[in-house]
Each structure stands twice: as structure tokens, then as C-alpha cells.
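**Q** Please find final_0.pdb (PDB, C-alpha atoms) on the next line:
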```
ATOM      1  CA  MET J   1     -18.874  45.631 -33.499
ATOM      2  CA  ALA J   2     -15.376  44.359 -34.282
ATOM      3  CA  GLN J   3     -14.924  41.392 -36.587
ATOM      4  CA  GLN J   4     -14.431  38.097 -34.750
ATOM      5  CA  TYR J   5     -11.756  35.621 -35.768
ATOM      6  CA  ASP J   6     -11.310  31.977 -34.944
ATOM      7  CA  LEU J   7      -7.873  31.291 -36.395
ATOM      8  CA  LEU J   8      -6.579  27.851 -35.606
ATOM      9  CA  GLY J   9      -3.815  25.559 -36.724
ATOM     10  CA  GLU J  10      -0.126  25.100 -37.246
ATOM     11  CA  TYR J  11       1.144  25.585 -40.791
ATOM     12  CA  TYR J  12       4.638  24.862 -42.089
ATOM     13  CA  VAL J  13       5.419  27.062 -45.084
ATOM     14  CA  ALA J  14       8.495  28.102 -47.016
ATOM     15  CA  LEU J  15       9.524  31.610 -47.948
ATOM     16  CA  ASP J  16      10.499  32.344 -51.508
ATOM     17  CA  SER J  17      13.703  34.229 -52.376
ATOM     18  CA  LYS J  18      11.960  37.587 -51.825
ATOM     19  CA  GLY J  19      10.676  36.711 -48.335
ATOM     20  CA  ARG J  20       7.099  35.927 -49.361
ATOM     21  CA  PHE J  21       4.862  33.108 -48.217
ATOM     22  CA  ARG J  22       1.428  32.033 -49.341
ATOM     23  CA  LEU J  23      -1.358  32.168 -46.786
ATOM     24  CA  PRO J  24      -2.723  28.645 -46.295
ATOM     25  CA  SER J  25      -6.227  28.062 -47.675
ATOM     26  CA  ASN J  26      -7.704  27.194 -44.267
ATOM     27  CA  LEU J  27      -6.558  30.525 -42.839
ATOM     28  CA  LEU J  28      -7.831  32.422 -45.864
ATOM     29  CA  LYS J  29     -11.290  30.904 -45.416
ATOM     30  CA  THR J  30     -11.397  32.011 -41.785
ATOM     31  CA  LEU J  31     -10.057  35.513 -42.480
ATOM     32  CA  GLY J  32     -12.953  36.503 -44.716
ATOM     33  CA  ASP J  33     -13.113  38.594 -47.883
ATOM     34  CA  ARG J  34      -9.810  38.329 -49.760
ATOM     35  CA  ASP J  35     -10.381  41.655 -51.506
ATOM     36  CA  THR J  36     -10.278  43.603 -48.247
ATOM     37  CA  LEU J  37      -7.605  41.617 -46.360
ATOM     38  CA  LYS J  38      -4.968  43.731 -44.662
ATOM     39  CA  PHE J  39      -2.528  42.800 -41.929
ATOM     40  CA  VAL J  40       0.070  44.361 -39.696
ATOM     41  CA  VAL J  41       3.168  42.391 -38.796
ATOM     42  CA  ASN J  42       5.582  43.298 -36.039
ATOM     43  CA  ARG J  43       7.938  41.818 -33.501
ATOM     44  CA  GLY J  44       6.228  39.383 -31.207
ATOM     45  CA  PHE J  45       7.560  37.822 -28.075
ATOM     46  CA  ASP J  46      10.116  35.033 -27.859
ATOM     47  CA  GLN J  47      11.913  35.874 -31.118
ATOM     48  CA  SER J  48       8.821  35.452 -33.272
ATOM     49  CA  LEU J  49       6.762  37.795 -35.410
ATOM     50  CA  THR J  50       3.066  38.460 -34.912
ATOM     51  CA  LEU J  51       0.709  38.897 -37.846
ATOM     52  CA  TYR J  52      -2.484  40.723 -36.912
ATOM     53  CA  PRO J  53      -5.544  41.105 -39.122
ATOM     54  CA  LYS J  54      -5.849  44.899 -39.484
ATOM     55  CA  PRO J  55      -9.067  45.171 -37.399
ATOM     56  CA  VAL J  56      -7.352  43.364 -34.502
ATOM     57  CA  TRP J  57      -4.275  45.579 -34.817
ATOM     58  CA  ASP J  58      -6.487  48.672 -34.743
ATOM     59  CA  LEU J  59      -8.037  47.608 -31.406
ATOM     60  CA  ILE J  60      -4.667  46.829 -29.817
ATOM     61  CA  LYS J  61      -3.240  50.080 -31.194
ATOM     62  CA  ILE J  62      -5.943  52.027 -29.351
ATOM     63  CA  GLN J  63      -4.875  50.426 -26.060
ATOM     64  CA  VAL J  64      -1.199  51.155 -26.703
ATOM     65  CA  ASP J  65      -1.884  54.714 -27.847
ATOM     66  CA  ASN J  66      -3.820  55.395 -24.641
ATOM     67  CA  LEU J  67      -0.883  54.505 -22.397
ATOM     68  CA  ASN J  68       0.587  57.399 -20.421
ATOM     69  CA  LYS J  69       3.802  58.205 -22.319
ATOM     70  CA  PHE J  70       5.178  60.079 -19.289
ATOM     71  CA  ASN J  71       5.583  56.692 -17.610
ATOM     72  CA  ARG J  72       8.970  55.288 -18.703
ATOM     73  CA  LYS J  73       7.777  51.659 -18.898
ATOM     74  CA  ASN J  74       4.791  52.667 -21.009
ATOM     75  CA  LEU J  75       7.008  54.673 -23.342
ATOM     76  CA  ALA J  76       9.528  51.820 -23.641
ATOM     77  CA  PHE J  77       6.737  49.349 -24.373
ATOM     78  CA  THR J  78       5.184  51.661 -26.973
ATOM     79  CA  ARG J  79       8.515  52.056 -28.768
ATOM     80  CA  ALA J  80       9.100  48.300 -28.763
ATOM     81  CA  PHE J  81       5.546  47.581 -29.875
ATOM     82  CA  TYR J  82       5.691  49.871 -32.901
ATOM     83  CA  ARG J  83       9.275  49.046 -33.839
ATOM     84  CA  GLY J  84       9.194  47.405 -37.250
ATOM     85  CA  ALA J  85       5.387  47.327 -37.484
ATOM     86  CA  THR J  86       4.476  47.102 -41.163
ATOM     87  CA  GLU J  87       1.147  46.976 -42.962
ATOM     88  CA  LEU J  88       0.860  44.071 -45.411
ATOM     89  CA  VAL J  89      -1.630  43.362 -48.169
ATOM     90  CA  PRO J  90      -1.712  39.959 -49.878
ATOM     91  CA  ASP J  91      -0.822  39.955 -53.562
ATOM     92  CA  SER J  92      -2.982  38.314 -56.227
ATOM     93  CA  ALA J  93      -1.488  34.900 -55.329
ATOM     94  CA  ASP J  94      -2.372  35.341 -51.606
ATOM     95  CA  ARG J  95       1.284  35.899 -50.672
ATOM     96  CA  LEU J  96       2.591  38.232 -47.991
ATOM     97  CA  LEU J  97       6.011  39.865 -48.238
ATOM     98  CA  LEU J  98       7.708  40.020 -44.837
ATOM     99  CA  PRO J  99      10.133  42.914 -44.200
ATOM    100  CA  LYS J 100      13.791  41.867 -44.265
ATOM    101  CA  GLN J 101      14.607  43.540 -40.934
ATOM    102  CA  LEU J 102      11.849  41.571 -39.200
ATOM    103  CA  LEU J 103      12.929  38.314 -40.842
ATOM    104  CA  SER J 104      16.451  38.912 -39.612
ATOM    105  CA  TRP J 105      15.285  39.751 -36.086
ATOM    106  CA  ALA J 106      13.206  36.537 -35.903
ATOM    107  CA  LYS J 107      16.096  34.446 -37.329
ATOM    108  CA  VAL J 108      13.946  33.416 -40.285
ATOM    109  CA  GLU J 109      15.768  32.056 -43.296
ATOM    110  CA  LYS J 110      13.588  29.746 -45.379
ATOM    111  CA  ASN J 111      11.091  27.615 -43.450
ATOM    112  CA  VAL J 112       8.562  29.155 -41.104
ATOM    113  CA  VAL J 113       5.757  27.956 -38.905
ATOM    114  CA  LEU J 114       2.512  29.899 -38.765
ATOM    115  CA  ASN J 115       0.933  29.320 -35.364
ATOM    116  CA  ALA J 116      -2.647  30.593 -35.563
ATOM    117  CA  MET J 117      -4.029  31.694 -32.200
ATOM    118  CA  ASN J 118      -7.608  32.957 -32.338
ATOM    119  CA  ASP J 119      -7.153  36.539 -33.611
ATOM    120  CA  ARG J 120      -3.465  36.572 -34.575
ATOM    121  CA  ILE J 121      -0.797  34.438 -36.170
ATOM    122  CA  GLU J 122       2.671  33.928 -34.785
ATOM    123  CA  ILE J 123       5.392  33.525 -37.408
ATOM    124  CA  TRP J 124       8.377  31.488 -36.252
ATOM    125  CA  ALA J 125      11.596  30.311 -37.812
ATOM    126  CA  GLU J 126      11.043  26.549 -37.876
ATOM    127  CA  ALA J 127      14.088  25.773 -35.689
ATOM    128  CA  GLU J 128      13.119  28.434 -33.115
ATOM    129  CA  TYR J 129       9.542  27.115 -33.006
ATOM    130  CA  GLU J 130      10.661  23.540 -32.393
ATOM    131  CA  GLU J 131      13.043  24.719 -29.658
ATOM    132  CA  MET J 132      10.273  26.732 -27.992
ATOM    133  CA  LEU J 133       7.891  23.771 -28.121
ATOM    134  CA  ASN J 134      10.432  21.391 -26.626
ATOM    135  CA  GLY J 135      10.852  23.633 -23.586
ATOM    136  CA  GLU J 136       7.151  24.422 -23.325
ATOM    137  CA  LEU J 137       5.895  20.846 -23.461
ATOM    138  CA  GLU J 138       7.927  19.850 -20.428
ATOM    139  CA  ASP J 139       6.031  22.394 -18.341
ATOM    140  CA  TYR J 140       2.623  22.127 -20.061
ATOM    141  CA  SER J 141       0.714  20.417 -17.243
ATOM    142  CA  GLU J 142       2.237  22.709 -14.632
ATOM    143  CA  LEU J 143       1.463  25.741 -16.772
ATOM    144  CA  ALA J 144      -2.136  24.575 -17.254
ATOM    145  CA  GLU J 145      -2.529  24.175 -13.512
ATOM    146  CA  ASP J 146      -1.129  27.655 -12.862
ATOM    147  CA  VAL J 147      -3.192  29.340 -15.553
ATOM    148  CA  LEU J 148      -6.445  27.373 -15.481
ATOM    149  CA  GLY J 149      -6.335  25.538 -12.136
ATOM    150  CA  GLY J 150      -8.460  28.072 -10.289
ATOM    151  CA  SER J 151     -10.878  28.773 -13.121
ATOM    152  CA  SER J 152     -14.376  27.410 -13.521
ATOM    153  CA  ILE J 153     -13.620  25.984 -16.967
ATOM    154  CA  THR J 154     -14.636  22.351 -17.277
ATOM    155  CA  GLU J 155     -13.933  19.812 -19.943
ATOM    156  CA  PRO J 156     -16.642  19.417 -22.592
ATOM    157  CA  GLY J 157     -19.312  16.910 -21.636
ATOM    158  CA  LEU J 158     -18.779  17.245 -17.871
TER     159      LEU J 158
END
```
Here is a file; write its structure as C-alpha cells.
**A**
Amino acid sequence: MAQQYDLLGEYYVALDSKGRFRLPSNLLKTLGDRDTLKFVVNRGFDQSLTLYPKPVWDLIKIQVDNLNKFNRKNLAFTRAFYRGATELVPDSADRLLLPKQLLSWAKVEKNVVLNAMNDRIEIWAEAEYEEMLNGELEDYSELAEDVLGGSSITEPGL
């Protein structure tokens, strides 16, 4: 059975001059054994990066690898998905070194936001994250209605 994650939180961190950031303690606790931690980072959506724990990446990779590469959309998606993907291992100070080409693509300079979402972590340039949130919050109730309005999910205690 695959390892389950429950990553949660928003973390504002700074990159050092080499492009490294320290994983916040709360995330480290949730991620499990530090000695075996491995990640894969690649381009996400909306000009962000996505950091996957290696077991999560491996499951998604299986889905992508099983796409029919004779279908042009599948092939284009596969190329985009793998473009820039890089395996990362935390150093002894729990820092991850992000590849320069990915930092450039995501417009990251110094300050980043780690947006933990269950089994993955989005990495945003702080300015891009704030801009995304400003646009998203205006439509949040409408989006919730569209996405969850027809579901059987109820609020806790109801």
C-alpha cells in the first residue's frame, strides 16, 4: 500500500543565494523518516512548481507512462509533465536545492510560498502567489458551488 500524506499549511520561506530553502518543521514531521526523504520537483500549473514526495511521484508517473503516446495530446502532456522534473534529496540541514531553470520559469527570485496540499507542495514566487490568491478569492464561493454544490459532502456536525 502506498504511503499516505496529509500535508497542510502555507509557509513563507526565503531561498539562499544557491536556490535552497529549508523544509519547515511541520512539513518534515508529516513527511516521515528524514533519512529516506526524496522528492521530485517539476513545473506545476499557473507558473508554480510542484514538489512531490517520491512515492507520490512514482504513482503519478505510472499514470503518465501508461498514456498512449500515439495520441498527440497525450504525447504533448507527457513532454510537458517531464520537462524539468528533477529528483531532490534534502541535505543534512533539511534544505532542498531547486534547479535554476525551474526557478526562472516560476519567476522565483528570493521569497517563496510553500502551499501544502495533501500529497504535494506547490512552490510559488511570493508575488505570483499573492496575485493568484487575489483572483481566486473573488470567485471562491462560486467555485465551491460549481465543484462541491452537487456533492453529498456536509459540514462537520451536521
**Q** Determine the nearest neighbour of Lys38 (chain J) from the options J:Ser141, J:Thr86, J:Asn111, J:Asn68, counting all atoms listed in the file.
**A**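 Answer, going by the shortest atom-to-atom distance: J:Thr86.
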**Q** In Å, with one decimal, what is the gap from CA of Asn26 (chain J) to CA of Asn134 (chain J)?
**A** 26.0 Å
**Q** Nearest to Ser48 (chain J): which of J:Leu7, J:Leu102, J:Val64, J:Leu96 is it, counting only C-alpha atoms?
**A** J:Leu102
**Q** Quick one, how far is CA of Asn42 (chain J) from CA of Ala93 (chain J)?
**A**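 So the answer is 22.2 Å.
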**Q** Grab the CA of Leu88 (chain J) to CA of Asp16 (chain J) distance for me, in Å with one decimal place.
**A**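 Computing the Euclidean distance for CA of Leu88 (chain J) and CA of Asp16 (chain J) yields 16.4 Å.
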**Q** Name the residues captured by the PyMOL selection byres ((chain J and resi 69-84) around 12) when it is applied to the shown file; answer as a PyMOL selection string.
**A** chain J and resi 40-45+49-50+57+60-68+85-87+98-106
**Q** Evaluate the PyMOL selection byres ((chain J and resi 123) around 8) here and jot the selected residues down as a PyMOL selection string.
**A** chain J and resi 48-51+112-115+121-122+124-125
**Q** Got a sec to check which residues sit within 10 Å of (-2.4, 36.7, -50.6), counting all atoms listed in the file, and write them as a list in words?
**A** Arg20, Phe21, Arg22, Leu23, Pro24, Ser25, Leu28, Arg34, Asp35, Leu37, Lys38, Leu88, Val89, Pro90, Asp91, Ser92, Ala93, Asp94, Arg95, Leu96 and Leu97 of chain J
**Q** Using C-alpha atoms, can you write the selected residues to a file as a compact mmCIF listing (two decimals), in the frame of the given file?
**A**
```txt
# COMPACT_ATOMS: atom_id res chain seq x y z
CA ARG J 20 7.10 35.93 -49.36
CA PHE J 21 4.86 33.11 -48.22
CA ARG J 22 1.43 32.03 -49.34
CA LEU J 23 -1.36 32.17 -46.79
CA PRO J 24 -2.72 28.64 -46.30
CA SER J 25 -6.23 28.06 -47.68
CA LEU J 28 -7.83 32.42 -45.86
CA ARG J 34 -9.81 38.33 -49.76
CA ASP J 35 -10.38 41.66 -51.51
CA LEU J 37 -7.60 41.62 -46.36
CA LYS J 38 -4.97 43.73 -44.66
CA LEU J 88 0.86 44.07 -45.41
CA VAL J 89 -1.63 43.36 -48.17
CA PRO J 90 -1.71 39.96 -49.88
CA ASP J 91 -0.82 39.96 -53.56
CA SER J 92 -2.98 38.31 -56.23
CA ALA J 93 -1.49 34.90 -55.33
CA ASP J 94 -2.37 35.34 -51.61
CA ARG J 95 1.28 35.90 -50.67
CA LEU J 96 2.59 38.23 -47.99
CA LEU J 97 6.01 39.86 -48.24
```
